[in-house]
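Notes follow the structure.
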Amino acid sequence: MTISWLIDWVNNSWLGFLGVPGAFILAIIVSGLAIFGLVAVHAIVAVYVERKVSAFMQDRIGPMGQGPGLHAGKWGVLQTVADALKLLVKEDIIPAAADRKLFIMAPFILFLGAFIGFIALPFSETLSLANFNVGLFYILAVSSFGIVGLILAGWASNNKWSLYGAMRSAAQIISYEIPAAISLIAVVMLVGSLNMQDITRAQTGIVLGFLPNWFIFQNPFTFLAFFIYFIAGVAETNRTPFDIPEAESELVAGFHTEYSGMRWAFFFLSEYANMFIVCAIATVVFLGGWQSPFGEFLAGPYWGLLWFMGKIIFLVLVMMWFRWTFPRLRVDQLMSVSWKFLLPISFFNLFGVGIWELLSG
Amino acid sequence: MAEITFWLLALFTIASAVIVVTSRQLIYSAVALLFSFIGVAGLYIYLWADFIGVVQIMIYIGGITILILFGIMLTNKITSVRISHTSVQRRIAAGGLTVLLGLLITMIIKTPWYLVAASEPTQTVESIGKMLLIDYLLPFEVVSILLLGALIGAATLARRGR
């Protein structure tokens, strides 16, 4: 089910009077709204889960509803819904000294970078919005688009904390993109394709008798590559332990210090959308995407969607676990982790995958 | 449909490029340049060169625009007056541009354009890889040595003050 299928479907239904351009625009709007829904629901659920996970990890109870009525619901499940509503009606402040146009534009550019990556994700065997040849490369490229939004937000706020946060963030994301990309190339080398569906299909079957034939289990080097990618991925989403761009104790809130209301909510949405994208890439490339962990058992297009989302949610939970376990790194430590450890290991890894493939294949 | 897409992309690219040139503030030029690059990437993808399109996004938006923005951010003190840029030596530039435009138009008219079949190619990446690593291996390696030299040079320049 791709976007061209949607266009055909619209053309052949009672909406056929719209013609091809009309159907095209309608299909884009429908799929865009669907993705936006996914992003928003994921953010709302993930924020609630994050609060609960952090609370349990710190021996607290987290948000709880207090009695009957509309007060955040039972176990506080409506807490994030209430927060989202609050953000919608909050006063929108634009500092007088800020660069107005760029200040308004920045959150949307950042969100766009996270948002347009979703169209290349293979949600199941048959369901992906656009199944194109360079899918993986495309997602990596558009995620670098978000950095521009981040820099603009920091600059346009006209606040030194924002500027420092943006500089740190951009330096961090650019540094960690390299080990992340090289560990992904290790797998691309084995598959011989950048297409997300091809990468997933290359992971069918069983390895070593009982393990699913996912790239994380296929050979020791791809096993290592998964961990490099995931660490670099956490760093790319600016989350603890890599959250020096918004280190509260030093920079107030980093690049989004001056933002409030809906614009601030867009920063929040893009952080959670980025988490989803990073986990989705890890899932597709290393954890078999929509493949069932039991070979042919429970496989199929609908189960595939479930497995895909389930693996992503698991990885998102691991990210939350990281956040509430590890302390924040210092700026110099952060850079040395990327350049002195992850990068050499990922180069070694790429070499190792090549030799392994040459000897075993 | 295809025609409309092309004209929209071309309009988007050129309109952004005009803002790059006419804007008085350097940072607005940089942001408009970003949109111009996106338009060019769109044109590549429109021509079924999706790999080149994505490379365009990766290099020009993820690399060059960010470098330009870094440059502006680091040179423009937060409290000082915004950097603006004005045009100088317009006559010489106009002369040069006329010559360049003439050359480009001559080239567009005289080139025997190679027309591809009007269907989507199934493989867009493989042939590029084969070309780079088999047919044009030597130029490819020479370019990588050049880039390595540039990298070492940049590091040396940055270390000089220490």
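Within each chain, counting starts at residue 1; across the structure tokens, chains are named A, B, ... in the order shown, with ligands numbered 1 upward in that order.
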Shell around segment 265-268 of chain A at 10 Å using only C-alpha atoms, local window under 3 positions removed, as an NGL selection string: :A and (43 or 47 or 83-84 or 87-88 or 106-112 or 149-150 or 153 or 255-256 or 259-262 or 271-274)
Take the residues from that selection and write them out as a tab-separated table (two decimals), in the first residue's frame, keeping N, CA, C and O atoms.
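Once everything was written out, this is out09.tsv:
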```tsv
chain	number	residue	atom	x	y	z
A	43	ALA	N	3.92	10.86	20.42
A	43	ALA	CA	4.50	11.81	21.37
A	43	ALA	C	3.69	11.82	22.66
A	43	ALA	O	4.26	11.76	23.76
A	47	VAL	N	5.32	10.54	26.08
A	47	VAL	CA	5.57	11.45	27.20
A	47	VAL	C	4.99	10.88	28.48
A	47	VAL	O	5.63	10.88	29.54
A	83	ASP	N	-1.68	18.36	29.33
A	83	ASP	CA	-0.52	19.20	29.03
A	83	ASP	C	-0.59	19.74	27.61
A	83	ASP	O	-0.31	20.91	27.36
A	84	ALA	N	-1.00	18.87	26.67
A	84	ALA	CA	-1.08	19.29	25.27
A	84	ALA	C	-2.11	20.39	25.11
A	84	ALA	O	-1.89	21.39	24.42
A	87	LEU	N	-0.74	23.56	26.36
A	87	LEU	CA	0.20	24.18	25.43
A	87	LEU	C	-0.52	24.89	24.29
A	87	LEU	O	-0.08	25.92	23.80
A	88	LEU	N	-1.65	24.29	23.87
A	88	LEU	CA	-2.40	24.89	22.77
A	88	LEU	C	-2.94	26.27	23.12
A	88	LEU	O	-2.99	27.16	22.27
A	106	ALA	N	11.69	28.56	12.55
A	106	ALA	CA	12.61	27.52	13.01
A	106	ALA	C	11.94	26.23	13.51
A	106	ALA	O	12.33	25.15	13.08
A	107	PRO	N	10.92	26.32	14.40
A	107	PRO	CA	10.35	25.06	14.88
A	107	PRO	C	9.76	24.22	13.75
A	107	PRO	O	9.81	22.99	13.80
A	108	PHE	N	9.23	24.90	12.73
A	108	PHE	CA	8.61	24.14	11.64
A	108	PHE	C	9.66	23.46	10.78
A	108	PHE	O	9.46	22.33	10.33
A	109	ILE	N	10.81	24.12	10.56
A	109	ILE	CA	11.87	23.47	9.79
A	109	ILE	C	12.37	22.24	10.55
A	109	ILE	O	12.55	21.17	9.98
A	110	LEU	N	12.54	22.41	11.87
A	110	LEU	CA	13.01	21.28	12.68
A	110	LEU	C	12.00	20.13	12.61
A	110	LEU	O	12.38	18.97	12.42
A	111	PHE	N	10.72	20.46	12.72
A	111	PHE	CA	9.70	19.42	12.69
A	111	PHE	C	9.64	18.76	11.32
A	111	PHE	O	9.48	17.55	11.21
A	112	LEU	N	9.79	19.57	10.28
A	112	LEU	CA	9.75	19.04	8.91
A	112	LEU	C	10.83	17.98	8.72
A	112	LEU	O	10.59	16.94	8.11
A	149	GLY	N	16.99	23.86	11.35
A	149	GLY	CA	15.95	24.45	12.18
A	149	GLY	C	16.45	24.75	13.57
A	149	GLY	O	16.15	25.81	14.15
A	150	LEU	N	17.25	23.82	14.07
A	150	LEU	CA	17.79	23.98	15.41
A	150	LEU	C	18.73	25.18	15.51
A	150	LEU	O	18.63	26.00	16.44
A	153	ALA	N	16.73	28.34	15.32
A	153	ALA	CA	16.02	28.62	16.57
A	153	ALA	C	16.98	29.26	17.57
A	153	ALA	O	16.63	30.24	18.22
A	255	PHE	N	18.51	25.51	23.08
A	255	PHE	CA	18.04	26.27	21.92
A	255	PHE	C	16.58	26.67	22.01
A	255	PHE	O	16.14	27.56	21.30
A	256	HIS	N	15.78	26.03	22.87
A	256	HIS	CA	14.37	26.44	22.94
A	256	HIS	C	14.04	27.23	24.20
A	256	HIS	O	12.88	27.29	24.61
A	259	TYR	N	11.25	29.85	23.66
A	259	TYR	CA	9.99	29.45	23.02
A	259	TYR	C	8.94	29.10	24.06
A	259	TYR	O	9.26	28.67	25.17
A	260	SER	N	7.69	29.29	23.67
A	260	SER	CA	6.60	28.95	24.58
A	260	SER	C	5.41	28.48	23.77
A	260	SER	O	5.38	28.62	22.55
A	261	GLY	N	4.46	27.91	24.45
A	261	GLY	CA	3.19	27.53	23.81
A	261	GLY	C	3.38	26.53	22.69
A	261	GLY	O	4.18	25.61	22.78
A	262	MET	N	2.66	26.76	21.60
A	262	MET	CA	2.63	25.82	20.50
A	262	MET	C	3.99	25.62	19.84
A	262	MET	O	4.35	24.54	19.42
A	271	GLU	N	11.31	16.14	18.85
A	271	GLU	CA	12.21	15.26	19.60
A	271	GLU	C	11.65	13.84	19.61
A	271	GLU	O	12.37	12.87	19.34
A	272	TYR	N	10.34	13.73	19.86
A	272	TYR	CA	9.76	12.37	19.93
A	272	TYR	C	9.66	11.76	18.54
A	272	TYR	O	9.85	10.55	18.39
A	273	ALA	N	9.41	12.58	17.52
A	273	ALA	CA	9.40	12.04	16.15
A	273	ALA	C	10.79	11.54	15.77
A	273	ALA	O	10.93	10.48	15.15
A	274	ASN	N	11.83	12.29	16.19
A	274	ASN	CA	13.19	11.85	15.90
A	274	ASN	C	13.53	10.55	16.61
A	274	ASN	O	14.20	9.68	16.04
```
Which residues of chain A have any atom within 9 Å of an atom in chain B when counting only C-alpha atoms, and what is the closest pair of atoms for each, with the distance in Å to one decimal? Order the rows by chain and rising number and write it as JSON lines.
```
{"residue": "A:Val20", "atom": "CA", "partner": "B:Met1", "partner_atom": "CA", "distance": 7.6}
{"residue": "A:Pro21", "atom": "CA", "partner": "B:Met1", "partner_atom": "CA", "distance": 6.2}
{"residue": "A:Leu102", "atom": "CA", "partner": "B:Tyr28", "partner_atom": "CA", "distance": 8.3}
{"residue": "A:Phe132", "atom": "CA", "partner": "B:Asp50", "partner_atom": "CA", "distance": 8.5}
{"residue": "A:Asn133", "atom": "CA", "partner": "B:Thr124", "partner_atom": "CA", "distance": 7.0}
{"residue": "A:Val134", "atom": "CA", "partner": "B:Phe51", "partner_atom": "CA", "distance": 6.2}
{"residue": "A:Phe137", "atom": "CA", "partner": "B:Val54", "partner_atom": "CA", "distance": 7.1}
{"residue": "A:Tyr138", "atom": "CA", "partner": "B:Val54", "partner_atom": "CA", "distance": 5.7}
{"residue": "A:Leu140", "atom": "CA", "partner": "B:Met58", "partner_atom": "CA", "distance": 8.0}
{"residue": "A:Ala141", "atom": "CA", "partner": "B:Met58", "partner_atom": "CA", "distance": 4.7}
{"residue": "A:Val142", "atom": "CA", "partner": "B:Ile57", "partner_atom": "CA", "distance": 7.0}
{"residue": "A:Ser143", "atom": "CA", "partner": "B:Gly62", "partner_atom": "CA", "distance": 8.5}
{"residue": "A:Ser144", "atom": "CA", "partner": "B:Gly62", "partner_atom": "CA", "distance": 4.9}
{"residue": "A:Phe145", "atom": "CA", "partner": "B:Gly62", "partner_atom": "CA", "distance": 5.9}
{"residue": "A:Gly146", "atom": "CA", "partner": "B:Gly62", "partner_atom": "CA", "distance": 8.7}
{"residue": "A:Ile147", "atom": "CA", "partner": "B:Gly62", "partner_atom": "CA", "distance": 7.7}
{"residue": "A:Val148", "atom": "CA", "partner": "B:Ile66", "partner_atom": "CA", "distance": 6.3}
{"residue": "A:Ile151", "atom": "CA", "partner": "B:Leu69", "partner_atom": "CA", "distance": 7.6}
{"residue": "A:Leu152", "atom": "CA", "partner": "B:Leu69", "partner_atom": "CA", "distance": 8.1}
{"residue": "A:Trp155", "atom": "CA", "partner": "B:Met73", "partner_atom": "CA", "distance": 6.8}
{"residue": "A:Asn158", "atom": "CA", "partner": "B:Ile78", "partner_atom": "CA", "distance": 6.3}
{"residue": "A:Asn159", "atom": "CA", "partner": "B:Ile78", "partner_atom": "CA", "distance": 7.6}
{"residue": "A:Lys160", "atom": "CA", "partner": "B:Ile78", "partner_atom": "CA", "distance": 7.5}
{"residue": "A:Leu163", "atom": "CA", "partner": "B:Met73", "partner_atom": "CA", "distance": 8.2}
{"residue": "A:Met167", "atom": "CA", "partner": "B:Phe70", "partner_atom": "CA", "distance": 7.8}
{"residue": "A:Ala170", "atom": "CA", "partner": "B:Ile66", "partner_atom": "CA", "distance": 8.4}
{"residue": "A:Ile174", "atom": "CA", "partner": "B:Gly62", "partner_atom": "CA", "distance": 8.6}
{"residue": "A:Gly192", "atom": "CA", "partner": "B:Glu126", "partner_atom": "CA", "distance": 8.6}
{"residue": "A:Ser193", "atom": "CA", "partner": "B:Val125", "partner_atom": "CA", "distance": 8.2}
{"residue": "A:Leu194", "atom": "CA", "partner": "B:Val125", "partner_atom": "CA", "distance": 8.3}
```
Segment 185-265 of chain A: residues DSSP assigns to helix (DSSP H, G or I), reported as JSON, numbers by chain: {"A": [185, 186, 187, 188, 189, 190, 191, 196, 197, 198, 199, 200, 201, 215, 216, 217, 218, 220, 221, 222, 223, 224, 225, 226, 227, 228, 229, 230, 231, 232, 233, 234, 235, 236, 244, 245, 246, 248, 249, 250, 251, 254, 255, 256, 261, 262, 263, 264, 265]}
Expressed in Å, the length from atom CA of Ala253 of chain A to atom CA of Ala46 of chain A is 20.4 Å
Taking the chain letters and numbering used in this document, name the residues of segment 101-336 of chain A that DSSP puts in strand (DSSP E), as a list in words. Ile206, Val207, Leu211 and Pro212 of chain A
Store the residues picked out above, limited to N, CA, C and O atoms, as a short mmCIF file (atom, residue, chain, number, x, y, z; two decimals), in the first residue's frame.
```
data_model
loop_
_atom_site.label_atom_id
_atom_site.label_comp_id
_atom_site.auth_asym_id
_atom_site.auth_seq_id
_atom_site.Cartn_x
_atom_site.Cartn_y
_atom_site.Cartn_z
N ILE A 206 15.86 -18.16 9.71
CA ILE A 206 16.36 -18.51 11.04
C ILE A 206 17.88 -18.67 10.94
O ILE A 206 18.38 -19.16 9.94
N VAL A 207 18.60 -18.24 11.96
CA VAL A 207 20.05 -18.40 11.95
C VAL A 207 20.46 -19.14 13.23
O VAL A 207 19.77 -19.03 14.26
N LEU A 211 17.71 -18.47 16.40
CA LEU A 211 17.60 -17.02 16.37
C LEU A 211 17.02 -16.56 15.04
O LEU A 211 17.30 -17.18 14.01
N PRO A 212 16.22 -15.51 15.04
CA PRO A 212 15.77 -14.96 13.75
C PRO A 212 16.95 -14.42 12.96
O PRO A 212 17.92 -13.95 13.54
#
```
Atomic separation - atom CA of Glu357 of chain A relative to atom CA of Phe140 of chain B, Å: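 Straight-line distance from atom CA of Phe140 of chain B to atom CA of Glu357 of chain A works out to 24.6 Å.
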Neighbour list for segment 315-317 of chain A as number ranges by chain, cut-off 12 Å, only C-alpha atoms, skip fewer than 2 positions in-chain: A: 42-43, 45-54, 226-227, 230-231, 233-234, 237, 239, 271-284, 286-287, 308-313, 319-324
Once you have the residues from the selection above, write them out as a compact mmCIF listing (two decimals), in the first residue's frame, restricted to N, CA and C atoms.
```txt
# COMPACT_ATOMS: atom_id res chain seq x y z
N HIS A 42 2.10 9.18 19.12
CA HIS A 42 3.34 8.62 19.69
C HIS A 42 3.92 9.56 20.72
N ALA A 43 3.92 10.86 20.42
CA ALA A 43 4.50 11.81 21.37
C ALA A 43 3.69 11.82 22.66
N VAL A 45 1.66 9.52 23.95
CA VAL A 45 1.81 8.28 24.71
C VAL A 45 3.21 8.19 25.30
N ALA A 46 4.23 8.54 24.48
CA ALA A 46 5.60 8.38 24.94
C ALA A 46 5.90 9.33 26.10
N VAL A 47 5.32 10.54 26.08
CA VAL A 47 5.57 11.45 27.20
C VAL A 47 4.99 10.88 28.48
N TYR A 48 3.77 10.34 28.38
CA TYR A 48 3.15 9.72 29.56
C TYR A 48 4.01 8.57 30.07
N VAL A 49 4.42 7.69 29.12
CA VAL A 49 5.23 6.54 29.51
C VAL A 49 6.55 7.00 30.11
N GLU A 50 7.13 8.03 29.51
CA GLU A 50 8.41 8.52 30.02
C GLU A 50 8.27 8.98 31.48
N ARG A 51 7.17 9.71 31.74
CA ARG A 51 6.98 10.18 33.12
C ARG A 51 6.80 9.03 34.08
N LYS A 52 6.04 8.03 33.64
CA LYS A 52 5.81 6.88 34.50
C LYS A 52 7.10 6.09 34.69
N VAL A 53 7.83 5.85 33.58
CA VAL A 53 9.07 5.07 33.68
C VAL A 53 10.05 5.77 34.61
N SER A 54 10.19 7.09 34.42
CA SER A 54 11.13 7.82 35.27
C SER A 54 10.70 7.74 36.72
N PHE A 226 25.07 -2.58 15.53
CA PHE A 226 23.78 -2.17 16.10
C PHE A 226 24.01 -1.27 17.31
N PHE A 227 24.94 -1.65 18.18
CA PHE A 227 25.14 -0.86 19.39
C PHE A 227 25.75 0.49 19.07
N PHE A 230 22.95 2.57 17.71
CA PHE A 230 21.95 2.98 18.69
C PHE A 230 22.50 4.08 19.61
N ILE A 231 23.76 3.95 20.03
CA ILE A 231 24.35 4.99 20.88
C ILE A 231 24.39 6.32 20.12
N GLY A 233 22.54 7.12 17.68
CA GLY A 233 21.16 7.55 17.45
C GLY A 233 20.61 8.29 18.66
N VAL A 234 20.89 7.78 19.86
CA VAL A 234 20.44 8.48 21.07
C VAL A 234 21.06 9.87 21.10
N THR A 237 19.31 12.36 18.84
CA THR A 237 18.03 12.89 19.30
C THR A 237 18.20 13.85 20.46
N ARG A 239 19.12 13.39 23.54
CA ARG A 239 18.54 12.95 24.80
C ARG A 239 19.64 12.60 25.79
N GLU A 271 11.31 16.14 18.85
CA GLU A 271 12.21 15.26 19.60
C GLU A 271 11.65 13.84 19.61
N TYR A 272 10.34 13.73 19.86
CA TYR A 272 9.76 12.37 19.93
C TYR A 272 9.66 11.76 18.54
N ALA A 273 9.41 12.58 17.52
CA ALA A 273 9.40 12.04 16.15
C ALA A 273 10.79 11.54 15.77
N ASN A 274 11.83 12.29 16.19
CA ASN A 274 13.19 11.85 15.90
C ASN A 274 13.53 10.55 16.61
N MET A 275 13.05 10.41 17.85
CA MET A 275 13.25 9.15 18.56
C MET A 275 12.64 8.01 17.77
N PHE A 276 11.42 8.24 17.29
CA PHE A 276 10.72 7.21 16.52
C PHE A 276 11.52 6.85 15.28
N ILE A 277 12.04 7.88 14.57
CA ILE A 277 12.77 7.62 13.33
C ILE A 277 14.04 6.83 13.61
N VAL A 278 14.79 7.25 14.64
CA VAL A 278 16.05 6.55 14.96
C VAL A 278 15.76 5.10 15.31
N CYS A 279 14.72 4.88 16.13
CA CYS A 279 14.38 3.51 16.52
C CYS A 279 13.87 2.73 15.31
N ALA A 280 13.17 3.40 14.41
CA ALA A 280 12.66 2.71 13.22
C ALA A 280 13.80 2.28 12.32
N ILE A 281 14.81 3.13 12.16
CA ILE A 281 15.96 2.74 11.33
C ILE A 281 16.67 1.56 11.98
N ALA A 282 16.87 1.63 13.31
CA ALA A 282 17.53 0.51 14.00
C ALA A 282 16.72 -0.76 13.81
N THR A 283 15.39 -0.63 13.87
CA THR A 283 14.52 -1.80 13.70
C THR A 283 14.65 -2.39 12.31
N VAL A 284 14.56 -1.52 11.29
CA VAL A 284 14.59 -2.02 9.92
C VAL A 284 15.95 -2.62 9.59
N PHE A 286 18.62 -3.51 11.67
CA PHE A 286 19.25 -4.55 12.49
C PHE A 286 18.27 -5.55 13.07
N LEU A 287 17.02 -5.15 13.29
CA LEU A 287 16.09 -6.04 13.99
C LEU A 287 15.00 -6.59 13.08
N PHE A 308 6.64 -4.48 13.70
CA PHE A 308 7.42 -3.26 13.43
C PHE A 308 7.23 -2.24 14.55
N MET A 309 5.95 -1.99 14.89
CA MET A 309 5.69 -1.01 15.94
C MET A 309 6.20 -1.51 17.29
N GLY A 310 6.04 -2.81 17.54
CA GLY A 310 6.46 -3.37 18.81
C GLY A 310 7.95 -3.21 19.03
N LYS A 311 8.74 -3.49 17.98
CA LYS A 311 10.19 -3.34 18.11
C LYS A 311 10.56 -1.89 18.34
N ILE A 312 9.88 -0.98 17.62
CA ILE A 312 10.19 0.44 17.81
C ILE A 312 9.87 0.86 19.24
N ILE A 313 8.71 0.43 19.74
CA ILE A 313 8.32 0.83 21.09
C ILE A 313 9.31 0.28 22.10
N MET A 319 15.55 3.72 25.20
CA MET A 319 16.06 5.10 25.24
C MET A 319 15.65 5.78 26.54
N MET A 320 14.42 5.53 26.98
CA MET A 320 13.96 6.13 28.24
C MET A 320 14.77 5.57 29.40
N TRP A 321 15.02 4.29 29.35
CA TRP A 321 15.82 3.62 30.37
C TRP A 321 17.20 4.29 30.45
N PHE A 322 17.82 4.54 29.30
CA PHE A 322 19.10 5.27 29.24
C PHE A 322 18.98 6.59 29.97
N ARG A 323 17.91 7.31 29.61
CA ARG A 323 17.78 8.68 30.09
C ARG A 323 17.76 8.75 31.60
N TRP A 324 17.10 7.78 32.22
CA TRP A 324 16.96 7.86 33.66
C TRP A 324 18.01 7.04 34.37
```
Residues within 7 Å of Phe103 of chain A, only C-alpha atoms, excluding chain neighbours under 5 positions, as a list in words: Ala98, Ala153, Ala156 and Ser157 of chain A
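The two atoms in question, atom CA of Ile355 of chain A and atom CA of Leu133 of chain B, are spaced 18.5 Å apart.
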Residue contacts of segment 118-124 of chain A (7 Å, only C-alpha atoms) excluding same-chain residues fewer than 5 positions away, as a PyMOL selection string: chain A and resi 129-131+135+196-197+290+301+304-305+308
May I have the selected residues written with N, CA and C atoms, as a short mmCIF file (atom, residue, chain, number, x, y, z; two decimals), in the first residue's frame?
```cif
data_model
loop_
_atom_site.label_atom_id
_atom_site.label_comp_id
_atom_site.auth_asym_id
_atom_site.auth_seq_id
_atom_site.Cartn_x
_atom_site.Cartn_y
_atom_site.Cartn_z
N LEU A 129 4.61 4.36 2.65
CA LEU A 129 4.06 5.43 1.83
C LEU A 129 4.80 5.53 0.51
N ALA A 130 6.12 5.51 0.56
CA ALA A 130 6.89 5.56 -0.68
C ALA A 130 8.00 4.53 -0.56
N ASN A 131 8.00 3.57 -1.48
CA ASN A 131 9.01 2.52 -1.43
C ASN A 131 10.02 2.85 -2.51
N GLY A 135 15.78 4.73 0.06
CA GLY A 135 15.04 5.03 1.28
C GLY A 135 15.89 5.33 2.50
N MET A 196 14.48 0.28 1.86
CA MET A 196 14.12 -0.20 3.19
C MET A 196 13.45 -1.58 3.12
N GLN A 197 12.62 -1.81 2.11
CA GLN A 197 11.96 -3.11 2.00
C GLN A 197 12.96 -4.21 1.66
N TRP A 290 9.61 -5.57 9.81
CA TRP A 290 8.32 -6.21 10.07
C TRP A 290 8.41 -7.72 10.16
N PRO A 301 1.17 -9.44 6.60
CA PRO A 301 1.14 -7.98 6.55
C PRO A 301 0.65 -7.33 7.83
N GLY A 304 2.96 -8.02 10.64
CA GLY A 304 4.16 -7.26 10.34
C GLY A 304 4.11 -5.87 10.94
N LEU A 305 2.94 -5.21 10.76
CA LEU A 305 2.77 -3.86 11.33
C LEU A 305 2.96 -3.91 12.85
N PHE A 308 6.64 -4.48 13.70
CA PHE A 308 7.42 -3.26 13.43
C PHE A 308 7.23 -2.24 14.55
#
```
Please provide the set of residues having any atom within 12 Å of segment 144-161 of chain B, restricted to only C-alpha atoms, with same-chain residues fewer than 6 positions apart removed, written as a list of chain:residue names.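 Skipping anything fewer than 6 positions along the chain leaves B:Leu132, B:Leu137, B:Leu138.
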